[in-house]
Amino acid sequence: MTTYYSDRVVSATSKTFPARYTPEGMWMDSATYEANTVASGDVIQMLKVNGAQPGGVTVVELILTYDDCGTGTAGVGDGDATSGFMASVDIGAAGGGVARRGAGVTVSGTTGFPKTYTVDDTIDVIISSGTGLAGTITLTAFFQAGT
């Protein structure tokens, strides 16, 4: 298993938070990763979640867009549940695709939507099956500040 980082995470210790952040209300952030030969078991850390702030942060929606990356599937989750938001997304669909809750995607795991974070974490794309997968993967998250 290899861990990769999107353009928004950069490294395991970075703290890149969106410029659109507001202390109250909702905001969104988006990250892109150019996959090149990723395989089953690989983890792509897509977005940082600043859950340690007062009241935490709630993920209210995620949208995954992807190229036809080759024959394979992926899940979207975090350190608690690797497919806690989405499972079995066919990232090898001809022409690519879009996955979101309630749009033909299995939403499983112990967390699901909405999920409130009270500690810092990352939202990850975990490759479930396939080898040599390549293409653009983008994850957009909608957050709400805790109260």
# chains A, B, ... in the order shown; residues from 1 in each chain; ligands from 1
>>> select_by_dssp(residues="range 48-141 of chain A", states="strand (DSSP E or B)", output="VMD selection string")
chain A and resid 48 to 49 57 to 66 73 to 77 86 to 90 97 to 100 106 115 to 117 121 to 129 133 to 141
>>> residues_around(residues="Phe143 in chain A", least_positions_apart="6", cutoff="9 Å", atoms="only C-alpha atoms", output="VMD selection string")
chain A and resid 25 to 29 57 to 61
>>> atom_distance(atom1="CA of Thr122 in chain A", atom2="CA of Met1 in chain A")
17.0 Å
>>> atom_distance(atom1="CA of Asp124 in chain A", atom2="CA of Asn36 in chain A")
16.5 Å
>>> atom_distance(atom1="CA of Gly84 in chain A", atom2="CA of Ser129 in chain A")
16.7 Å
>>> residues_around(residues="Val119 in chain A", least_positions_apart="5", cutoff="8 Å", atoms="only C-alpha atoms", output="MDAnalysis selection string")
chainID A and resid 50:53 56
>>> write_last_selection(atoms="C-alpha atoms", output="short mmCIF file (atom, residue, chain, number, x, y, z; two decimals), in the first residue's frame")
data_model
loop_
_atom_site.label_atom_id
_atom_site.label_comp_id
_atom_site.auth_asym_id
_atom_site.auth_seq_id
_atom_site.Cartn_x
_atom_site.Cartn_y
_atom_site.Cartn_z
CA ASN A 50 -9.86 20.82 10.56
CA GLY A 51 -12.01 19.03 13.14
CA ALA A 52 -10.08 20.29 16.17
CA GLN A 53 -11.74 23.71 16.03
CA GLY A 56 -15.89 20.50 15.14
#
>>> closest_residue(among="A:Leu47, A:Ala35, A:Ala141, A:Ile123", to="Ile91 in chain A", atoms="only C-alpha atoms")
A:Ala35
>>> closest_residue(among="A:Thr32, A:Leu62, A:Ala74, A:Tyr5", to="Val125 in chain A", atoms="only C-alpha atoms")
A:Ala74
